[in-house]
Amino acid sequence: MKRKILFIITHLELGGAQKQLFTLIKNLDINRYAFYLLSGDYGLLKENFLNIPYLKVYLIKELKREINIFYDLIAFFKIFFYIKKYKFDIIHTHSPKASFLGRWAAFFCGCKDIVYTVHGWPFHKFMPLVTYYFYLFLEKITSKITKKIIVVSNYDLREGIRKIAPKGKFVLIHYGIDTTPLEEIYEKRKERIQKDNLIITVSALKPQKGLDYFLNMAKDVLNEFPYIKFWIIGDGPLKKKIKRKIKRMYLENSVFLKGWVKDLSEAYQEATLFVLTSLWEGLPLAVIEAVICGIPILASNTGGLLDIVKEEKQGKIVDLKELPHFGRKCRKMLQNYTQWNKIVKSERKKIDVKYWGERRMLEEINKLYAEF
């Protein structure tokens with residue numbers, strides 16, 4: 001008999017958590033598992049999930065990222081009765097809101113095999129102390145009813161052991177991606193002289209991504225390199241605000257909001273640098289992709305990316321307190337771009353691309369499920 005797995009996630013936007021969940025559902029053995037998905041009723045990937053023929057999808061319009069006691073209670077009871085009805089073997093939650101509501105609903109339904117994937121802890125130094133300790137408390141108390149917590153970076157593993165639960169509660173499973181098209185891009189980049197005219201970031205347009213620093217960096221860089229173009233690939237709640245700031249800073253002819261782009265081949269082939277200005281983050285999927293493509297990286301040190309980006313090897317890592325100096329760091333890389341290209345290409349040969357592939361991740365997930 002197939003084991004019934006319910007995946008729960010807050011929404012289905014084109015983000016790292018959602019893309020990894022899509023990979024799981026598309027590639028795990030349908031002869032071994034029956035798949036169910038519960039999510040909020042929005043996101044660019046919604047149709048992708050709905051089009052999986054063997055996946056049963058239940059969308060809850062009240063399940064939203066923002067805290068709203070009225071909607072959260074409705075969402076909780078809808079999750080509770082859904083779990084009660086189908087009696088799942090494994091509940092696997094993703095994203096903070098859905099994971100909190102989903103794990104407690106599962107617990108009150110008597111489910112014991114509850115898994116939670118942390119795509120970056122929800123508490124961080126950029127939030128008010130009261131909010132920080134509130135989220136920390138929620139994670140700590142909810143960890144007690146969770147059988148296993150999957151973390152996607154060593155940084156989050158250390159934070160979890162230090163602040164949330166004993167070591168035995170955690171398992172580290174790095175993201176796994178389809179590396180084949182990325183390796184093809186790398187081969188193309190390797191065989192040509194790379195231009196120094198395009199800086200990209202792939203980022204949801206929300207506060208944690210620190211895109212004000214990206215725009216300030218662009219303004220600084222353009223003073224010395226006026227021909228460079230900047231692409232912000234992504235969308236989100238801050239889109240209007242960012243558009244206004246681009247106009248206010250007279251950057252309309254240099255900085256372009258590209259929206260979500262499903263095929264990043266062109267961006268990765270042409271990119272001079274990949275820049276990440278995040279304030280807090282788990283393990284950014286786009287950074288893994290950029291490293292495999294052989295693109296020099298300039299990134300803020302959010303912790304998780306250190307599992308694949310090494311200082312002076314894949315690029316430069318900027319301490320969070322140095323975020324205002326991102327422009328200077330970027331200019332220095334551009335001034336020595338030929339040398340950086342050589343370094344990154346040399347280090348790219350040492351990357352275990354197979355490790356970052358989907359197969360390894362799926363094997364580790366299957367191994368974890370088999371323990372239940």
# chains A, B, ... in the order shown; residues from 1 in each chain; ligands from 1
>>> residues_around(residues="stretch 159-175 of chain A", least_positions_apart="2", cutoff="6 Å", atoms="only C-alpha atoms", output="PyMOL selection string")
chain A and resi 140+148-152+156-157
>>> select_by_dssp(residues="stretch 36-147 of chain A", states="strand (DSSP E or B)", output="mmCIF file with C-alpha atoms, in the first residue's frame")
data_model
loop_
_atom_site.group_PDB
_atom_site.id
_atom_site.type_symbol
_atom_site.label_atom_id
_atom_site.label_comp_id
_atom_site.auth_asym_id
_atom_site.auth_seq_id
_atom_site.Cartn_x
_atom_site.Cartn_y
_atom_site.Cartn_z
ATOM 1 C CA TYR A 36 -1.175 15.548 -1.430
ATOM 2 C CA LEU A 37 -0.459 19.273 -1.283
ATOM 3 C CA LEU A 38 -2.059 21.942 0.874
ATOM 4 C CA SER A 39 -1.245 25.601 0.183
ATOM 5 C CA GLY A 40 -2.492 29.156 0.046
ATOM 6 C CA LEU A 55 -1.017 15.184 -6.989
ATOM 7 C CA LYS A 56 -4.155 16.043 -5.021
ATOM 8 C CA VAL A 57 -4.098 19.785 -4.287
ATOM 9 C CA TYR A 58 -6.163 21.594 -1.649
ATOM 10 C CA LEU A 59 -5.909 25.404 -1.744
ATOM 11 C CA ILE A 60 -6.865 27.478 1.292
ATOM 12 C CA ILE A 90 3.723 11.602 6.825
ATOM 13 C CA ILE A 91 3.139 15.352 7.141
ATOM 14 C CA HIS A 92 5.980 17.353 5.554
ATOM 15 C CA THR A 93 5.736 21.126 6.080
ATOM 16 C CA HIS A 94 7.605 24.026 4.452
ATOM 17 C CA ILE A 114 5.831 15.184 11.190
ATOM 18 C CA VAL A 115 8.720 16.639 9.157
ATOM 19 C CA TYR A 116 9.614 20.319 8.814
ATOM 20 C CA THR A 117 12.030 21.742 6.228
ATOM 21 C CA VAL A 118 13.611 25.022 7.318
#
>>> select_by_dssp(residues="stretch 268-361 of chain A", states="alpha helix (DSSP H)", output="short mmCIF file (atom, residue, chain, number, x, y, z; two decimals) with N, CA and C atoms, in the first residue's frame")
data_model
loop_
_atom_site.label_atom_id
_atom_site.label_comp_id
_atom_site.auth_asym_id
_atom_site.auth_seq_id
_atom_site.Cartn_x
_atom_site.Cartn_y
_atom_site.Cartn_z
N TYR A 268 22.08 33.89 -17.13
CA TYR A 268 23.27 33.21 -16.62
C TYR A 268 24.40 33.18 -17.66
N GLN A 269 24.05 33.11 -18.94
CA GLN A 269 25.08 33.10 -19.97
C GLN A 269 25.77 34.46 -20.09
N GLU A 270 25.00 35.52 -19.95
CA GLU A 270 25.52 36.87 -20.20
C GLU A 270 26.04 37.57 -18.95
N LEU A 285 18.90 29.34 -3.69
CA LEU A 285 18.96 28.42 -4.82
C LEU A 285 19.68 29.05 -6.00
N ALA A 286 19.42 30.33 -6.24
CA ALA A 286 20.04 31.02 -7.38
C ALA A 286 21.55 31.10 -7.24
N VAL A 287 22.05 31.15 -6.01
CA VAL A 287 23.50 31.18 -5.81
C VAL A 287 24.12 29.85 -6.22
N ILE A 288 23.47 28.74 -5.86
CA ILE A 288 23.96 27.42 -6.30
C ILE A 288 24.01 27.37 -7.82
N GLU A 289 22.95 27.85 -8.45
CA GLU A 289 22.88 27.84 -9.92
C GLU A 289 24.00 28.69 -10.52
N ALA A 290 24.21 29.87 -9.95
CA ALA A 290 25.24 30.78 -10.47
C ALA A 290 26.64 30.19 -10.33
N VAL A 291 26.90 29.53 -9.21
CA VAL A 291 28.21 28.91 -8.99
C VAL A 291 28.45 27.80 -10.02
N ILE A 292 27.44 26.98 -10.26
CA ILE A 292 27.59 25.89 -11.23
C ILE A 292 27.78 26.45 -12.65
N CYS A 293 27.16 27.59 -12.92
CA CYS A 293 27.34 28.24 -14.22
C CYS A 293 28.71 28.91 -14.37
N PHE A 326 28.75 47.98 -0.57
CA PHE A 326 28.61 47.01 -1.65
C PHE A 326 29.12 47.57 -2.98
N GLY A 327 28.85 48.85 -3.23
CA GLY A 327 29.28 49.47 -4.48
C GLY A 327 30.78 49.43 -4.66
N ARG A 328 31.50 49.78 -3.59
CA ARG A 328 32.98 49.76 -3.65
C ARG A 328 33.49 48.35 -3.90
N LYS A 329 32.89 47.36 -3.22
CA LYS A 329 33.30 45.97 -3.41
C LYS A 329 33.07 45.53 -4.85
N CYS A 330 31.92 45.94 -5.40
CA CYS A 330 31.58 45.58 -6.77
C CYS A 330 32.55 46.22 -7.76
N ARG A 331 32.87 47.49 -7.56
CA ARG A 331 33.80 48.18 -8.46
C ARG A 331 35.17 47.51 -8.46
N LYS A 332 35.63 47.08 -7.29
CA LYS A 332 36.94 46.42 -7.20
C LYS A 332 36.94 45.11 -7.99
N MET A 333 35.82 44.37 -7.94
CA MET A 333 35.75 43.14 -8.72
C MET A 333 35.76 43.43 -10.22
N LEU A 334 35.06 44.48 -10.61
CA LEU A 334 35.01 44.84 -12.04
C LEU A 334 36.37 45.35 -12.53
N GLN A 335 37.07 46.05 -11.67
CA GLN A 335 38.40 46.55 -12.04
C GLN A 335 39.39 45.41 -12.30
N TYR A 337 38.33 42.25 -13.31
CA TYR A 337 37.39 41.21 -13.75
C TYR A 337 38.06 40.06 -14.50
N THR A 338 39.06 40.35 -15.30
CA THR A 338 39.76 39.28 -16.03
C THR A 338 40.36 38.27 -15.06
N GLN A 339 40.96 38.79 -14.00
CA GLN A 339 41.56 37.91 -12.99
C GLN A 339 40.48 37.13 -12.25
N TRP A 340 39.37 37.79 -11.93
CA TRP A 340 38.29 37.09 -11.24
C TRP A 340 37.71 35.97 -12.09
N ASN A 341 37.59 36.22 -13.36
CA ASN A 341 37.08 35.19 -14.26
C ASN A 341 37.99 33.97 -14.25
N LYS A 342 39.30 34.19 -14.25
CA LYS A 342 40.25 33.07 -14.22
C LYS A 342 40.13 32.29 -12.91
N ILE A 343 40.03 33.02 -11.80
CA ILE A 343 39.92 32.36 -10.49
C ILE A 343 38.67 31.50 -10.43
N VAL A 344 37.54 32.08 -10.83
CA VAL A 344 36.25 31.38 -10.74
C VAL A 344 36.24 30.15 -11.65
N LYS A 345 36.79 30.28 -12.86
CA LYS A 345 36.84 29.13 -13.77
C LYS A 345 37.73 28.02 -13.20
N SER A 346 38.82 28.42 -12.58
CA SER A 346 39.72 27.43 -11.98
C SER A 346 39.04 26.71 -10.82
N GLU A 347 38.35 27.47 -9.96
CA GLU A 347 37.68 26.88 -8.81
C GLU A 347 36.46 26.07 -9.22
N ARG A 348 35.85 26.44 -10.35
CA ARG A 348 34.67 25.71 -10.82
C ARG A 348 34.98 24.24 -11.09
N GLU A 358 19.84 16.68 -8.26
CA GLU A 358 18.57 16.23 -7.67
C GLU A 358 18.66 14.84 -7.07
N ARG A 359 19.41 13.94 -7.71
CA ARG A 359 19.41 12.55 -7.27
C ARG A 359 19.87 12.41 -5.83
N ARG A 360 20.97 13.09 -5.48
CA ARG A 360 21.46 12.99 -4.10
C ARG A 360 20.43 13.47 -3.10
N MET A 361 19.77 14.61 -3.40
CA MET A 361 18.75 15.12 -2.49
C MET A 361 17.59 14.14 -2.35
#
>>> residues_around(residues="stretch 84-87 of chain A", least_positions_apart="4", cutoff="10 Å", atoms="only C-alpha atoms", output="JSON, numbers by chain")
{"A": [4, 5, 6, 36, 78, 79, 80, 91, 105, 106, 108, 109, 110, 111]}
>>> write_last_selection(atoms="N, CA and C atoms", output="PDB file, in the first residue's frame")
ATOM      1  N   LYS A   4       0.843   7.710   2.317  1.00  0.00           N
ATOM      2  CA  LYS A   4       0.242   9.002   1.972  1.00  0.00           C
ATOM      3  C   LYS A   4       1.040  10.139   2.612  1.00  0.00           C
ATOM      4  N   ILE A   5       1.539  11.031   1.762  1.00  0.00           N
ATOM      5  CA  ILE A   5       2.321  12.173   2.247  1.00  0.00           C
ATOM      6  C   ILE A   5       1.575  13.458   1.936  1.00  0.00           C
ATOM      7  N   LEU A   6       1.414  14.282   2.952  1.00  0.00           N
ATOM      8  CA  LEU A   6       0.832  15.616   2.764  1.00  0.00           C
ATOM      9  C   LEU A   6       1.940  16.655   2.895  1.00  0.00           C
ATOM     10  N   TYR A  36      -0.149  14.533  -1.660  1.00  0.00           N
ATOM     11  CA  TYR A  36      -1.175  15.548  -1.430  1.00  0.00           C
ATOM     12  C   TYR A  36      -0.450  16.857  -1.122  1.00  0.00           C
ATOM     13  N   LYS A  78      -9.186  24.329   8.775  1.00  0.00           N
ATOM     14  CA  LYS A  78      -9.276  23.674   7.460  1.00  0.00           C
ATOM     15  C   LYS A  78      -8.176  22.631   7.306  1.00  0.00           C
ATOM     16  N   ILE A  79      -6.970  22.975   7.761  1.00  0.00           N
ATOM     17  CA  ILE A  79      -5.868  22.010   7.722  1.00  0.00           C
ATOM     18  C   ILE A  79      -6.187  20.821   8.623  1.00  0.00           C
ATOM     19  N   PHE A  80      -6.679  21.109   9.815  1.00  0.00           N
ATOM     20  CA  PHE A  80      -6.993  20.066  10.790  1.00  0.00           C
ATOM     21  C   PHE A  80      -7.999  19.063  10.222  1.00  0.00           C
ATOM     22  N   ILE A  91       3.435  13.935   7.393  1.00  0.00           N
ATOM     23  CA  ILE A  91       3.139  15.352   7.141  1.00  0.00           C
ATOM     24  C   ILE A  91       4.477  16.059   6.975  1.00  0.00           C
ATOM     25  N   ALA A 105      -1.791  21.245  13.710  1.00  0.00           N
ATOM     26  CA  ALA A 105      -2.995  20.557  13.227  1.00  0.00           C
ATOM     27  C   ALA A 105      -2.733  19.052  13.142  1.00  0.00           C
ATOM     28  N   ALA A 106      -1.564  18.685  12.632  1.00  0.00           N
ATOM     29  CA  ALA A 106      -1.203  17.266  12.527  1.00  0.00           C
ATOM     30  C   ALA A 106      -1.101  16.628  13.913  1.00  0.00           C
ATOM     31  N   PHE A 108      -2.629  17.507  16.717  1.00  0.00           N
ATOM     32  CA  PHE A 108      -3.955  17.332  17.327  1.00  0.00           C
ATOM     33  C   PHE A 108      -4.790  16.269  16.610  1.00  0.00           C
ATOM     34  N   CYS A 109      -4.363  15.902  15.403  1.00  0.00           N
ATOM     35  CA  CYS A 109      -5.012  14.792  14.694  1.00  0.00           C
ATOM     36  C   CYS A 109      -4.377  13.443  15.046  1.00  0.00           C
ATOM     37  N   GLY A 110      -3.336  13.491  15.868  1.00  0.00           N
ATOM     38  CA  GLY A 110      -2.691  12.252  16.282  1.00  0.00           C
ATOM     39  C   GLY A 110      -1.567  11.780  15.380  1.00  0.00           C
ATOM     40  N   CYS A 111      -1.128  12.631  14.438  1.00  0.00           N
ATOM     41  CA  CYS A 111      -0.023  12.250  13.550  1.00  0.00           C
ATOM     42  C   CYS A 111       1.303  12.321  14.310  1.00  0.00           C
TER      43      CYS A 111
END
>>> residues_around(residues="A:Thr10", least_positions_apart="6", cutoff="8 Å", atoms="only C-alpha atoms", output="NGL selection string")
:A and (39-40 or 63-65 or 94-98)
>>> write_last_selection(atoms="N, CA and C atoms", output="mmCIF file, in the first residue's frame")
data_model
loop_
_atom_site.group_PDB
_atom_site.id
_atom_site.type_symbol
_atom_site.label_atom_id
_atom_site.label_comp_id
_atom_site.auth_asym_id
_atom_site.auth_seq_id
_atom_site.Cartn_x
_atom_site.Cartn_y
_atom_site.Cartn_z
ATOM 1 N N SER A 39 -1.938 24.317 0.328
ATOM 2 C CA SER A 39 -1.245 25.601 0.183
ATOM 3 C C SER A 39 -2.237 26.747 0.151
ATOM 4 N N GLY A 40 -1.711 27.962 0.317
ATOM 5 C CA GLY A 40 -2.492 29.156 0.046
ATOM 6 C C GLY A 40 -2.821 29.227 -1.437
ATOM 7 N N LEU A 63 -4.929 30.951 4.010
ATOM 8 C CA LEU A 63 -3.537 30.683 4.388
ATOM 9 C C LEU A 63 -2.637 31.713 3.721
ATOM 10 N N LYS A 64 -2.202 32.686 4.509
ATOM 11 C CA LYS A 64 -1.394 33.801 4.003
ATOM 12 C C LYS A 64 -0.143 33.949 4.849
ATOM 13 N N ARG A 65 0.857 34.637 4.294
ATOM 14 C CA ARG A 65 2.103 34.835 5.033
ATOM 15 C C ARG A 65 1.908 35.750 6.239
ATOM 16 N N HIS A 94 6.606 23.077 4.961
ATOM 17 C CA HIS A 94 7.605 24.026 4.452
ATOM 18 C C HIS A 94 7.093 25.439 4.724
ATOM 19 N N SER A 95 8.015 26.359 4.974
ATOM 20 C CA SER A 95 7.741 27.786 5.232
ATOM 21 C C SER A 95 7.117 27.987 6.607
ATOM 22 N N PRO A 96 7.498 29.070 7.306
ATOM 23 C CA PRO A 96 7.161 29.232 8.723
ATOM 24 C C PRO A 96 5.664 29.184 9.063
ATOM 25 N N LYS A 97 4.836 29.991 8.386
ATOM 26 C CA LYS A 97 3.417 30.042 8.747
ATOM 27 C C LYS A 97 2.754 28.687 8.567
ATOM 28 N N ALA A 98 2.911 28.104 7.371
ATOM 29 C CA ALA A 98 2.286 26.811 7.091
ATOM 30 C C ALA A 98 2.847 25.721 7.994
#
>>> residues_around(residues="stretch 207-210 of chain A", least_positions_apart="3", cutoff="6 Å", atoms="only C-alpha atoms", output="PyMOL selection string")
chain A and resi 213+277-280
>>> atom_distance(atom1="atom CA of A:Pro226", atom2="atom CA of A:Asp319")
26.3 Å
>>> closest_residue(among="A:Gly102, A:Gln18, A:Leu28, A:Thr272", to="A:Arg189", atoms="only C-alpha atoms")
A:Thr272
>>> closest_residue(among="A:Asn253, A:Thr146, A:Asn154, A:Thr23", to="A:Gly176", atoms="only C-alpha atoms")
A:Thr23
>>> atom_distance(atom1="atom CA of A:Glu47", atom2="atom CA of A:Asn366")
25.9 Å
>>> atom_distance(atom1="atom CA of A:Leu21", atom2="atom CA of A:Phe7")
8.2 Å
>>> decode(residues="stretch 171-213 of chain A", atoms="N, CA and C atoms", output="PDB file, in the first residue's frame")
ATOM      1  N   VAL A 171      18.386  17.007  10.578  1.00  0.00           N
ATOM      2  CA  VAL A 171      19.101  16.351   9.492  1.00  0.00           C
ATOM      3  C   VAL A 171      19.414  17.417   8.434  1.00  0.00           C
ATOM      4  N   LEU A 172      20.656  17.441   7.985  1.00  0.00           N
ATOM      5  CA  LEU A 172      21.075  18.405   6.959  1.00  0.00           C
ATOM      6  C   LEU A 172      20.893  17.784   5.577  1.00  0.00           C
ATOM      7  N   ILE A 173      20.049  18.408   4.763  1.00  0.00           N
ATOM      8  CA  ILE A 173      19.871  17.981   3.379  1.00  0.00           C
ATOM      9  C   ILE A 173      19.967  19.217   2.496  1.00  0.00           C
ATOM     10  N   HIS A 174      21.103  19.373   1.846  1.00  0.00           N
ATOM     11  CA  HIS A 174      21.272  20.505   0.933  1.00  0.00           C
ATOM     12  C   HIS A 174      20.291  20.396  -0.228  1.00  0.00           C
ATOM     13  N   TYR A 175      19.976  21.534  -0.822  1.00  0.00           N
ATOM     14  CA  TYR A 175      19.144  21.541  -2.023  1.00  0.00           C
ATOM     15  C   TYR A 175      19.802  20.717  -3.131  1.00  0.00           C
ATOM     16  N   GLY A 176      18.958  20.152  -3.970  1.00  0.00           N
ATOM     17  CA  GLY A 176      19.431  19.466  -5.163  1.00  0.00           C
ATOM     18  C   GLY A 176      18.701  20.025  -6.373  1.00  0.00           C
ATOM     19  N   ILE A 177      19.409  20.289  -7.450  1.00  0.00           N
ATOM     20  CA  ILE A 177      18.816  20.938  -8.622  1.00  0.00           C
ATOM     21  C   ILE A 177      19.178  20.178  -9.895  1.00  0.00           C
ATOM     22  N   ASP A 178      18.482  20.499 -10.964  1.00  0.00           N
ATOM     23  CA  ASP A 178      18.801  19.940 -12.275  1.00  0.00           C
ATOM     24  C   ASP A 178      20.038  20.671 -12.796  1.00  0.00           C
ATOM     25  N   THR A 179      21.167  20.014 -12.760  1.00  0.00           N
ATOM     26  CA  THR A 179      22.431  20.679 -13.097  1.00  0.00           C
ATOM     27  C   THR A 179      22.758  20.637 -14.590  1.00  0.00           C
ATOM     28  N   THR A 180      22.053  19.804 -15.348  1.00  0.00           N
ATOM     29  CA  THR A 180      22.413  19.622 -16.771  1.00  0.00           C
ATOM     30  C   THR A 180      22.409  20.925 -17.567  1.00  0.00           C
ATOM     31  N   PRO A 181      21.317  21.725 -17.541  1.00  0.00           N
ATOM     32  CA  PRO A 181      21.350  22.981 -18.310  1.00  0.00           C
ATOM     33  C   PRO A 181      22.375  23.971 -17.776  1.00  0.00           C
ATOM     34  N   LEU A 182      22.660  23.909 -16.486  1.00  0.00           N
ATOM     35  CA  LEU A 182      23.645  24.815 -15.898  1.00  0.00           C
ATOM     36  C   LEU A 182      25.054  24.451 -16.353  1.00  0.00           C
ATOM     37  N   GLU A 183      25.322  23.167 -16.467  1.00  0.00           N
ATOM     38  CA  GLU A 183      26.631  22.733 -16.966  1.00  0.00           C
ATOM     39  C   GLU A 183      26.814  23.132 -18.430  1.00  0.00           C
ATOM     40  N   GLU A 184      25.730  23.114 -19.187  1.00  0.00           N
ATOM     41  CA  GLU A 184      25.804  23.555 -20.581  1.00  0.00           C
ATOM     42  C   GLU A 184      26.133  25.047 -20.663  1.00  0.00           C
ATOM     43  N   ILE A 185      25.528  25.821 -19.764  1.00  0.00           N
ATOM     44  CA  ILE A 185      25.826  27.256 -19.715  1.00  0.00           C
ATOM     45  C   ILE A 185      27.289  27.477 -19.340  1.00  0.00           C
ATOM     46  N   TYR A 186      27.765  26.699 -18.377  1.00  0.00           N
ATOM     47  CA  TYR A 186      29.172  26.821 -17.961  1.00  0.00           C
ATOM     48  C   TYR A 186      30.123  26.546 -19.122  1.00  0.00           C
ATOM     49  N   GLU A 187      29.816  25.528 -19.905  1.00  0.00           N
ATOM     50  CA  GLU A 187      30.676  25.192 -21.051  1.00  0.00           C
ATOM     51  C   GLU A 187      30.724  26.349 -22.046  1.00  0.00           C
ATOM     52  N   LYS A 188      29.590  27.010 -22.250  1.00  0.00           N
ATOM     53  CA  LYS A 188      29.560  28.163 -23.163  1.00  0.00           C
ATOM     54  C   LYS A 188      30.352  29.334 -22.595  1.00  0.00           C
ATOM     55  N   ARG A 189      30.192  29.578 -21.306  1.00  0.00           N
ATOM     56  CA  ARG A 189      30.928  30.678 -20.676  1.00  0.00           C
ATOM     57  C   ARG A 189      32.438  30.404 -20.699  1.00  0.00           C
ATOM     58  N   LYS A 190      32.796  29.155 -20.505  1.00  0.00           N
ATOM     59  CA  LYS A 190      34.204  28.777 -20.412  1.00  0.00           C
ATOM     60  C   LYS A 190      34.961  29.022 -21.722  1.00  0.00           C
ATOM     61  N   GLU A 191      34.237  28.898 -22.819  1.00  0.00           N
ATOM     62  CA  GLU A 191      34.890  28.956 -24.130  1.00  0.00           C
ATOM     63  C   GLU A 191      34.960  30.359 -24.717  1.00  0.00           C
ATOM     64  N   ARG A 192      34.500  31.358 -23.991  1.00  0.00           N
ATOM     65  CA  ARG A 192      34.508  32.693 -24.583  1.00  0.00           C
ATOM     66  C   ARG A 192      35.037  33.723 -23.591  1.00  0.00           C
ATOM     67  N   ILE A 193      35.390  34.878 -24.125  1.00  0.00           N
ATOM     68  CA  ILE A 193      35.796  35.992 -23.266  1.00  0.00           C
ATOM     69  C   ILE A 193      34.529  36.649 -22.735  1.00  0.00           C
ATOM     70  N   GLN A 194      34.394  36.659 -21.413  1.00  0.00           N
ATOM     71  CA  GLN A 194      33.162  37.160 -20.809  1.00  0.00           C
ATOM     72  C   GLN A 194      33.150  38.687 -20.797  1.00  0.00           C
ATOM     73  N   LYS A 195      32.031  39.259 -21.190  1.00  0.00           N
ATOM     74  CA  LYS A 195      31.893  40.713 -21.195  1.00  0.00           C
ATOM     75  C   LYS A 195      31.659  41.221 -19.773  1.00  0.00           C
ATOM     76  N   ASP A 196      31.987  42.484 -19.544  1.00  0.00           N
ATOM     77  CA  ASP A 196      31.787  43.074 -18.215  1.00  0.00           C
ATOM     78  C   ASP A 196      30.678  44.127 -18.286  1.00  0.00           C
ATOM     79  N   ASN A 197      29.498  43.714 -18.775  1.00  0.00           N
ATOM     80  CA  ASN A 197      28.450  44.717 -18.997  1.00  0.00           C
ATOM     81  C   ASN A 197      27.094  44.375 -18.391  1.00  0.00           C
ATOM     82  N   LEU A 198      26.990  43.288 -17.594  1.00  0.00           N
ATOM     83  CA  LEU A 198      25.690  42.908 -17.038  1.00  0.00           C
ATOM     84  C   LEU A 198      25.848  42.323 -15.642  1.00  0.00           C
ATOM     85  N   ILE A 199      25.172  42.944 -14.683  1.00  0.00           N
ATOM     86  CA  ILE A 199      25.143  42.449 -13.302  1.00  0.00           C
ATOM     87  C   ILE A 199      23.712  42.026 -12.997  1.00  0.00           C
ATOM     88  N   ILE A 200      23.548  40.815 -12.477  1.00  0.00           N
ATOM     89  CA  ILE A 200      22.197  40.309 -12.219  1.00  0.00           C
ATOM     90  C   ILE A 200      22.017  39.921 -10.758  1.00  0.00           C
ATOM     91  N   THR A 201      20.760  39.938 -10.337  1.00  0.00           N
ATOM     92  CA  THR A 201      20.356  39.292  -9.096  1.00  0.00           C
ATOM     93  C   THR A 201      19.045  38.584  -9.372  1.00  0.00           C
ATOM     94  N   VAL A 202      18.844  37.467  -8.720  1.00  0.00           N
ATOM     95  CA  VAL A 202      17.579  36.730  -8.796  1.00  0.00           C
ATOM     96  C   VAL A 202      16.997  36.771  -7.398  1.00  0.00           C
ATOM     97  N   SER A 203      15.850  37.440  -7.250  1.00  0.00           N
ATOM     98  CA  SER A 203      15.399  37.766  -5.899  1.00  0.00           C
ATOM     99  C   SER A 203      13.924  38.103  -5.867  1.00  0.00           C
ATOM    100  N   ALA A 204      13.219  37.564  -4.876  1.00  0.00           N
ATOM    101  CA  ALA A 204      11.867  38.047  -4.607  1.00  0.00           C
ATOM    102  C   ALA A 204      11.973  39.493  -4.132  1.00  0.00           C
ATOM    103  N   LEU A 205      11.014  40.310  -4.528  1.00  0.00           N
ATOM    104  CA  LEU A 205      11.050  41.734  -4.154  1.00  0.00           C
ATOM    105  C   LEU A 205      10.371  41.916  -2.805  1.00  0.00           C
ATOM    106  N   LYS A 206      11.114  41.572  -1.761  1.00  0.00           N
ATOM    107  CA  LYS A 206      10.602  41.713  -0.397  1.00  0.00           C
ATOM    108  C   LYS A 206      11.728  42.175   0.515  1.00  0.00           C
ATOM    109  N   PRO A 207      11.412  42.649   1.722  1.00  0.00           N
ATOM    110  CA  PRO A 207      12.409  43.317   2.563  1.00  0.00           C
ATOM    111  C   PRO A 207      13.678  42.528   2.816  1.00  0.00           C
ATOM    112  N   GLN A 208      13.577  41.215   3.031  1.00  0.00           N
ATOM    113  CA  GLN A 208      14.759  40.446   3.404  1.00  0.00           C
ATOM    114  C   GLN A 208      15.842  40.449   2.332  1.00  0.00           C
ATOM    115  N   LYS A 209      15.482  40.798   1.093  1.00  0.00           N
ATOM    116  CA  LYS A 209      16.444  40.724  -0.005  1.00  0.00           C
ATOM    117  C   LYS A 209      17.351  41.957  -0.103  1.00  0.00           C
ATOM    118  N   GLY A 210      17.090  42.987   0.701  1.00  0.00           N
ATOM    119  CA  GLY A 210      17.994  44.136   0.767  1.00  0.00           C
ATOM    120  C   GLY A 210      18.227  44.832  -0.558  1.00  0.00           C
ATOM    121  N   LEU A 211      17.181  44.970  -1.371  1.00  0.00           N
ATOM    122  CA  LEU A 211      17.372  45.505  -2.724  1.00  0.00           C
ATOM    123  C   LEU A 211      17.672  46.997  -2.753  1.00  0.00           C
ATOM    124  N   ASP A 212      17.419  47.704  -1.666  1.00  0.00           N
ATOM    125  CA  ASP A 212      17.881  49.096  -1.580  1.00  0.00           C
ATOM    126  C   ASP A 212      19.403  49.142  -1.716  1.00  0.00           C
ATOM    127  N   TYR A 213      20.078  48.163  -1.114  1.00  0.00           N
ATOM    128  CA  TYR A 213      21.538  48.099  -1.221  1.00  0.00           C
ATOM    129  C   TYR A 213      21.959  47.786  -2.654  1.00  0.00           C
TER     130      TYR A 213
END
